[in-house]
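Source file: structure12.cif. Holds: mmCIF, C-alpha atoms.
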data_protein
loop_
_atom_site.label_atom_id
_atom_site.label_comp_id
_atom_site.auth_asym_id
_atom_site.auth_seq_id
_atom_site.Cartn_x
_atom_site.Cartn_y
_atom_site.Cartn_z
CA MET P 246 0.00 0.00 0.00
CA VAL P 247 1.15 3.52 -0.75
CA ASP P 248 0.56 6.40 1.64
CA LYS P 249 -1.14 9.38 -0.02
CA THR P 250 -1.10 11.91 2.81
CA ASN P 251 -2.59 15.24 1.82
CA ASN P 252 -1.50 17.15 4.89
CA PRO P 253 1.68 19.14 5.47
CA MET P 254 1.96 17.75 9.01
CA ALA P 255 2.53 14.31 7.40
CA PHE P 256 0.48 12.07 9.66
CA ASN P 257 1.12 8.81 7.84
CA TRP P 258 -0.28 5.34 8.21
CA GLY P 259 2.15 3.06 10.01
CA LEU P 260 2.61 -0.63 10.71
CA PHE P 261 2.46 -1.70 14.36
CA THR P 262 4.31 -4.88 15.28
CA PRO P 263 3.79 -6.18 18.83
CA PRO P 264 4.79 -6.16 21.57
CA ALA P 265 4.06 -2.51 22.36
CA GLN P 266 7.17 -0.80 23.72
CA ASP P 267 5.07 1.98 25.25
CA GLN P 268 2.64 1.00 28.02
CA ASN P 269 0.40 3.95 27.06
CA TRP P 270 0.06 2.94 23.41
CA PRO P 271 -3.60 3.70 22.50
CA GLY P 272 -4.00 0.77 20.15
CA PRO P 273 -4.63 -2.94 20.64
CA ARG P 274 -1.81 -4.97 22.19
CA VAL P 275 -2.25 -7.75 19.61
CA ASP P 276 -3.65 -8.09 16.11
CA HIS P 277 -7.26 -9.20 15.64
CA THR P 278 -6.48 -12.91 15.97
CA GLY P 279 -5.03 -12.20 19.42
CA THR P 280 -2.87 -15.30 19.45
CA SER P 281 0.29 -13.82 20.95
CA ILE P 282 1.81 -10.45 21.76
CA TYR P 283 4.74 -11.50 19.54
CA ASP P 284 2.74 -12.38 16.42
CA GLY P 285 1.04 -10.38 13.70
CA GLY P 286 0.76 -6.66 13.19
CA TYR P 287 -1.71 -4.08 11.93
CA LEU P 288 -2.04 -0.70 10.20
CA TYR P 289 -2.58 2.39 12.30
CA LEU P 290 -3.15 6.12 12.03
CA SER P 291 -2.81 8.03 15.30
CA ALA P 292 -1.98 11.42 16.77
CA TYR P 293 -0.26 9.67 19.68
CA HIS P 294 3.16 11.24 20.39
CA SER P 295 2.53 13.91 17.77
CA VAL P 296 5.08 16.68 17.65
CA GLY P 297 3.44 20.06 18.17
CA ALA P 298 -0.19 20.84 18.72
CA PHE P 299 -2.83 20.99 16.02
CA SER P 300 -6.33 22.37 16.30
CA SER P 301 -8.25 20.62 13.55
CA ALA P 302 -8.70 17.15 12.14
CA ILE P 303 -5.95 15.52 10.06
CA VAL P 304 -6.76 13.38 7.01
CA SER P 305 -4.44 10.71 5.63
CA LYS P 306 -4.98 8.21 2.81
CA ILE P 307 -3.36 4.93 1.93
CA VAL P 308 -3.87 3.21 -1.46
CA SER P 309 -3.53 -0.52 -2.10
CA GLY P 310 -1.82 -2.12 -5.03
CA PRO P 311 -4.01 -3.08 -8.01
CA ARG P 312 -6.24 -6.16 -7.98
CA THR P 313 -7.65 -7.75 -11.15
CA VAL P 314 -11.40 -8.40 -10.89
CA ASN P 315 -14.19 -10.01 -12.91
CA PRO P 316 -16.95 -7.40 -13.43
CA SER P 317 -19.65 -10.09 -13.48
CA GLN P 318 -18.60 -11.44 -10.06
CA LYS P 319 -19.72 -10.32 -6.58
CA TYR P 320 -17.03 -9.55 -4.03
CA CYS P 321 -16.81 -8.96 -0.30
CA LEU P 322 -14.29 -6.63 1.30
CA SER P 323 -13.57 -7.79 4.84
CA LEU P 324 -11.43 -6.03 7.42
CA TRP P 325 -11.14 -5.66 11.19
CA THR P 326 -11.05 -2.27 12.92
CA VAL P 327 -10.61 -0.58 16.27
CA MET P 328 -11.38 3.14 16.52
CA SER P 329 -10.27 4.22 19.99
CA THR P 330 -12.09 7.57 20.33
CA LYS P 331 -15.26 9.13 18.88
CA ASP P 332 -13.46 11.97 17.03
CA LEU P 333 -12.22 9.62 14.30
CA GLY P 334 -13.47 8.84 10.81
CA LEU P 335 -12.80 5.99 8.41
CA LYS P 336 -13.81 6.01 4.74
CA LEU P 337 -13.28 3.17 2.24
CA SER P 338 -13.36 3.86 -1.50
CA LEU P 339 -12.64 1.94 -4.68
CA LEU P 340 -10.59 3.23 -7.60
CA ARG P 341 -11.97 1.49 -10.70
CA TYR P 342 -10.06 1.01 -13.95
CA GLY P 343 -11.67 0.06 -17.25
CA PRO P 344 -13.43 1.55 -20.28
CA ASN P 345 -16.31 3.02 -18.22
CA TRP P 346 -14.15 5.01 -15.81
CA ALA P 347 -12.34 8.32 -16.15
CA ASP P 348 -10.79 10.55 -13.49
CA SER P 349 -14.19 12.21 -12.98
CA ASN P 350 -16.04 8.99 -11.98
CA ARG P 351 -13.31 6.46 -11.13
CA THR P 352 -13.69 6.72 -7.33
CA THR P 353 -16.70 5.42 -5.42
CA ILE P 354 -17.18 5.38 -1.65
CA ILE P 355 -18.23 1.93 -0.42
CA ALA P 356 -18.28 2.34 3.39
CA SER P 357 -17.63 4.78 6.19
CA LYS P 358 -17.48 4.72 9.96
CA SER P 359 -17.41 7.62 12.44
CA ASN P 360 -18.57 8.79 15.86
CA THR P 361 -17.86 5.42 17.43
CA ALA P 362 -15.35 4.21 20.01
CA GLU P 363 -14.35 0.55 20.05
CA SER P 364 -12.25 -1.27 22.61
CA THR P 365 -12.05 -4.58 20.71
CA TRP P 366 -11.57 -5.63 17.09
CA THR P 367 -14.78 -5.27 15.06
CA ARG P 368 -15.34 -6.83 11.64
CA MET P 369 -16.53 -4.78 8.68
CA ALA P 370 -17.92 -6.73 5.72
CA VAL P 371 -18.62 -4.56 2.68
CA PRO P 372 -20.46 -6.07 -0.32
CA ILE P 373 -19.22 -5.06 -3.77
CA ASP P 374 -21.75 -6.01 -6.42
CA GLN P 375 -21.72 -6.05 -10.20
CA THR P 376 -23.36 -2.60 -10.48
CA MET P 377 -20.20 -1.09 -8.97
CA LEU P 378 -17.93 -3.04 -11.32
CA VAL P 379 -19.49 -2.62 -14.78
CA GLY P 380 -16.58 -2.38 -17.23
CA THR P 381 -14.01 -2.72 -14.45
CA TYR P 382 -10.96 -4.94 -14.91
CA GLU P 383 -8.84 -3.68 -12.01
CA LEU P 384 -9.46 -2.16 -8.55
CA GLN P 385 -7.51 -0.35 -5.89
CA LEU P 386 -8.72 0.20 -2.33
CA VAL P 387 -8.37 3.65 -0.78
CA ILE P 388 -8.44 3.82 3.03
CA GLU P 389 -8.92 7.35 4.32
CA GLY P 390 -8.59 8.08 8.01
CA THR P 391 -9.45 11.27 9.85
CA ILE P 392 -7.99 11.79 13.30
CA GLY P 393 -9.08 14.48 15.72
CA VAL P 394 -7.09 16.36 18.32
CA ASN P 395 -7.28 13.64 21.00
CA SER P 396 -3.77 12.21 21.40
CA LYS P 397 -5.29 8.90 22.54
CA GLY P 398 -7.22 8.61 19.28
CA GLY P 399 -6.26 6.10 16.64
CA ILE P 400 -7.62 4.02 13.79
CA PHE P 401 -6.32 0.46 13.74
CA ILE P 402 -6.95 -1.94 10.83
CA ASP P 403 -6.11 -5.62 10.41
CA ASP P 404 -6.63 -8.48 7.95
CA ILE P 405 -7.90 -6.68 4.85
CA LEU P 406 -9.25 -9.25 2.42
CA LEU P 407 -11.13 -8.98 -0.89
CA MET P 408 -12.99 -12.26 -1.42
CA GLU P 409 -15.04 -13.52 -4.35
CA GLY P 410 -18.71 -14.06 -3.56
CA ALA P 411 -21.31 -12.35 -1.41
CA CYS P 412 -20.57 -11.31 2.17
CA GLN P 413 -21.78 -13.98 4.56
CA GLN P 414 -24.24 -12.53 7.08
CA THR P 415 -25.38 -15.80 8.61
CA ASN P 416 -26.70 -16.19 12.15
CA LEU P 417 -24.14 -18.36 13.90
CA VAL P 418 -24.81 -20.36 17.04
CA CYS P 419 -22.74 -22.40 19.49
CA GLU P 420 -23.46 -26.06 20.14
CA ASP P 421 -25.68 -25.04 23.08
CA GLY P 422 -27.73 -22.70 20.87
CA THR P 423 -26.17 -19.43 22.08
CA PRO P 424 -25.95 -16.87 19.22
CA ILE P 425 -22.46 -15.60 18.46
CA LYS P 426 -21.16 -12.63 16.50
CA PRO P 427 -18.82 -13.10 13.49
CA GLU P 428 -15.91 -11.57 15.44
CA GLN P 429 -16.31 -14.27 18.11
CA ILE P 430 -15.68 -17.18 15.74
CA CYS P 431 -12.77 -19.35 16.86
CA ASN P 432 -11.83 -17.11 19.77
CA PHE P 433 -12.18 -20.05 22.20
CA VAL P 434 -14.17 -17.95 24.68
CA LYS P 435 -17.54 -19.26 25.86
CA VAL P 436 -20.30 -16.68 25.33
CA SER P 437 -22.71 -16.07 28.22
CA HIS P 438 -26.42 -15.65 27.50
CA ASN P 439 -26.19 -12.05 28.79
CA GLU P 440 -24.00 -10.85 25.88
#
Let me see the file written as structure tokens.
Amino acid sequence: MVDKTNNPMAFNWGLFTPPAQDQNWPGPRVDHTGTSIYDGGYLYLSAYHSVGAFSSAIVSKIVSGPRTVNPSQKYCLSLWTVMSTKDLGLKLSLLRYGPNWADSNRTTIIASKSNTAESTWTRMAVPIDQTMLVGTYELQLVIEGTIGVNSKGGIFIDDILLMEGACQQTNLVCEDGTPIKPEQICNFVKVSHNE
């Protein structure tokens, strides 16, 4: 992925690799699989330890490499996020390449998230259907983060995956009939009926 920061203060996306050297690090201690503090890593955008004060939001973009697609196929974009404070924003867009797209209509927003604070990894599943891909032979994903003035704020992203087929929104249950959320699959933690 290539960082496309459009701000002179140069708040860039980074790659966090555990373990955290700073006990006050505002992000997760482990990636979304949570297997070990020595495994994995994730993308982040944060004002933590920023040099100098700033009084307004900062926007930074990162662009993926190209991915060849079949315009008659459905796709699902899956990723895991933590947004540590409510003054953050996340926007996902596609850059489409093919005979139907020019600079004026190449970009389309497919999802956004704001005004939410999360303490654990949360899955986003974004359907991409054929109407978005007419005449498209190649895609790039644009991740745009907006951070506020809170130095504890950060956007953390893990396991970005573009899969063929529709997003699965099935109702999952444990053996005892307890409903579970998609982010609880294979986490080896028994769910109580109160959750």
For this session: May I ask which of the residues P:Glu363, P:Asp332, P:Asp404, P:Asp374 is the closest one to Gln318 of chain P, counting all atoms listed in the file?
Result: P:Asp374
For this session: Would you list the residues near (-4.4, -9.4, -10.7), meaning any protein, DNA or RNA residue with an atom at most 10 Å from that point in file coordinates, counting only C-alpha atoms, as an MDAnalysis selection string?
Result: chainID P and resid 310:314 382:384
Exercise. Which of these residues is nearest to His277 of chain P, using only C-alpha atoms: P:Ile400, P:Val327, P:Ile307, P:Leu333?
Worked result: P:Val327
For this session: Specify as a list of chain:residue names each residue included when the PyMOL selection byres ((chain P and resi 340) around 9) is applied to this file.
Result: P:Ser338, P:Leu339, P:Arg341, P:Tyr342, P:Arg351, P:Thr352, P:Thr353, P:Glu383, P:Leu384, P:Gln385, P:Leu386, P:Val387
Please produce, as CSV, a per-residue contact table for segment 361-407 of chain P versus segment 255-264 of chain P (criterion: any atom at most 12 Å away, all atoms listed in the file considered), showing the nearest atom pair and its distance in Å to one decimal, sorted by chain then residue number.
residue,atom,partner,partner_atom,distance
P:Ile388,CA,P:Trp258,CA,9.8
P:Glu389,CA,P:Trp258,CA,9.7
P:Gly390,CA,P:Trp258,CA,8.8
P:Thr391,CA,P:Phe256,CA,10.0
P:Ile392,CA,P:Phe256,CA,9.2
P:Gly393,CA,P:Phe256,CA,11.6
P:Gly399,CA,P:Trp258,CA,10.4
P:Ile400,CA,P:Trp258,CA,9.3
P:Phe401,CA,P:Phe261,CA,9.1
P:Ile402,CA,P:Leu260,CA,9.7
P:Asp403,CA,P:Leu260,CA,10.1
For this session: Mind giving me the straight-line distance from atom CA of Pro344 of chain P to atom CA of Leu378 of chain P in Å, one decimal?
Result: 11.0 Å
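One finds atom CA of Met369 of chain P at 28.4 Å from atom CA of Ala347 of chain P.
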Need the axis-aligned box for segment 397-408 of chain P with 6 Å each side, so what are the centre and edges in Å to one decimal, as lines of an AutoDock Vina configuration file?
center_x = -9.1
center_y = -1.7
center_z = 10.6
size_x = 19.7
size_y = 33.2
size_z = 36.0
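Pairwise distance (atom CA of Leu406 of chain P, atom CA of Arg274 of chain P) equals 21.6 Å.
Counting only C-alpha atoms, the residue from P:Ile355, P:Ala292, P:Ala265, P:Val304 that sits nearest to Asn395 of chain P is P:Ala292.
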Take segment 367-388 of chain P, bring it up to N, CA and C atoms, and give me the output as a compact mmCIF listing (two decimals), in the coordinates of the input.
# COMPACT_ATOMS: atom_id res chain seq x y z
N THR P 367 -13.44 -5.15 15.62
CA THR P 367 -14.78 -5.27 15.06
C THR P 367 -14.67 -5.52 13.56
N ARG P 368 -15.41 -6.50 13.06
CA ARG P 368 -15.34 -6.83 11.64
C ARG P 368 -16.25 -5.94 10.82
N MET P 369 -15.72 -5.45 9.69
CA MET P 369 -16.53 -4.78 8.68
C MET P 369 -16.58 -5.69 7.47
N ALA P 370 -17.76 -5.94 6.95
CA ALA P 370 -17.92 -6.73 5.72
C ALA P 370 -18.70 -5.87 4.73
N VAL P 371 -18.05 -5.50 3.64
CA VAL P 371 -18.62 -4.56 2.68
C VAL P 371 -18.88 -5.28 1.36
N PRO P 372 -20.16 -5.42 0.96
CA PRO P 372 -20.46 -6.07 -0.32
C PRO P 372 -20.11 -5.16 -1.50
N ILE P 373 -19.53 -5.77 -2.53
CA ILE P 373 -19.22 -5.06 -3.77
C ILE P 373 -19.91 -5.84 -4.88
N ASP P 374 -20.98 -5.27 -5.43
CA ASP P 374 -21.75 -6.01 -6.42
C ASP P 374 -21.40 -5.58 -7.85
N GLN P 375 -22.03 -6.26 -8.80
CA GLN P 375 -21.72 -6.05 -10.20
C GLN P 375 -22.04 -4.64 -10.67
N THR P 376 -23.02 -3.97 -10.04
CA THR P 376 -23.36 -2.60 -10.48
C THR P 376 -22.21 -1.64 -10.23
N MET P 377 -21.37 -1.93 -9.25
CA MET P 377 -20.20 -1.09 -8.97
C MET P 377 -19.04 -1.39 -9.92
N LEU P 378 -19.10 -2.56 -10.56
CA LEU P 378 -17.93 -3.04 -11.32
C LEU P 378 -18.13 -3.09 -12.83
N VAL P 379 -19.23 -2.56 -13.33
CA VAL P 379 -19.49 -2.62 -14.78
C VAL P 379 -18.30 -2.05 -15.54
N GLY P 380 -17.72 -2.84 -16.44
CA GLY P 380 -16.58 -2.38 -17.23
C GLY P 380 -15.28 -2.26 -16.47
N THR P 381 -15.22 -2.83 -15.28
CA THR P 381 -14.01 -2.72 -14.45
C THR P 381 -13.15 -3.97 -14.61
N TYR P 382 -11.87 -3.79 -14.85
CA TYR P 382 -10.96 -4.94 -14.91
C TYR P 382 -9.94 -4.92 -13.78
N GLU P 383 -9.82 -3.79 -13.08
CA GLU P 383 -8.84 -3.68 -12.01
C GLU P 383 -9.34 -2.69 -10.96
N LEU P 384 -9.05 -2.99 -9.68
CA LEU P 384 -9.46 -2.16 -8.55
C LEU P 384 -8.27 -1.80 -7.69
N GLN P 385 -8.39 -0.67 -7.00
CA GLN P 385 -7.51 -0.35 -5.89
C GLN P 385 -8.39 0.11 -4.75
N LEU P 386 -8.00 -0.21 -3.52
CA LEU P 386 -8.72 0.20 -2.33
C LEU P 386 -8.05 1.44 -1.76
N VAL P 387 -8.86 2.45 -1.45
CA VAL P 387 -8.37 3.65 -0.78
C VAL P 387 -8.93 3.66 0.64
N ILE P 388 -8.04 3.72 1.63
CA ILE P 388 -8.44 3.82 3.03
C ILE P 388 -8.10 5.23 3.48
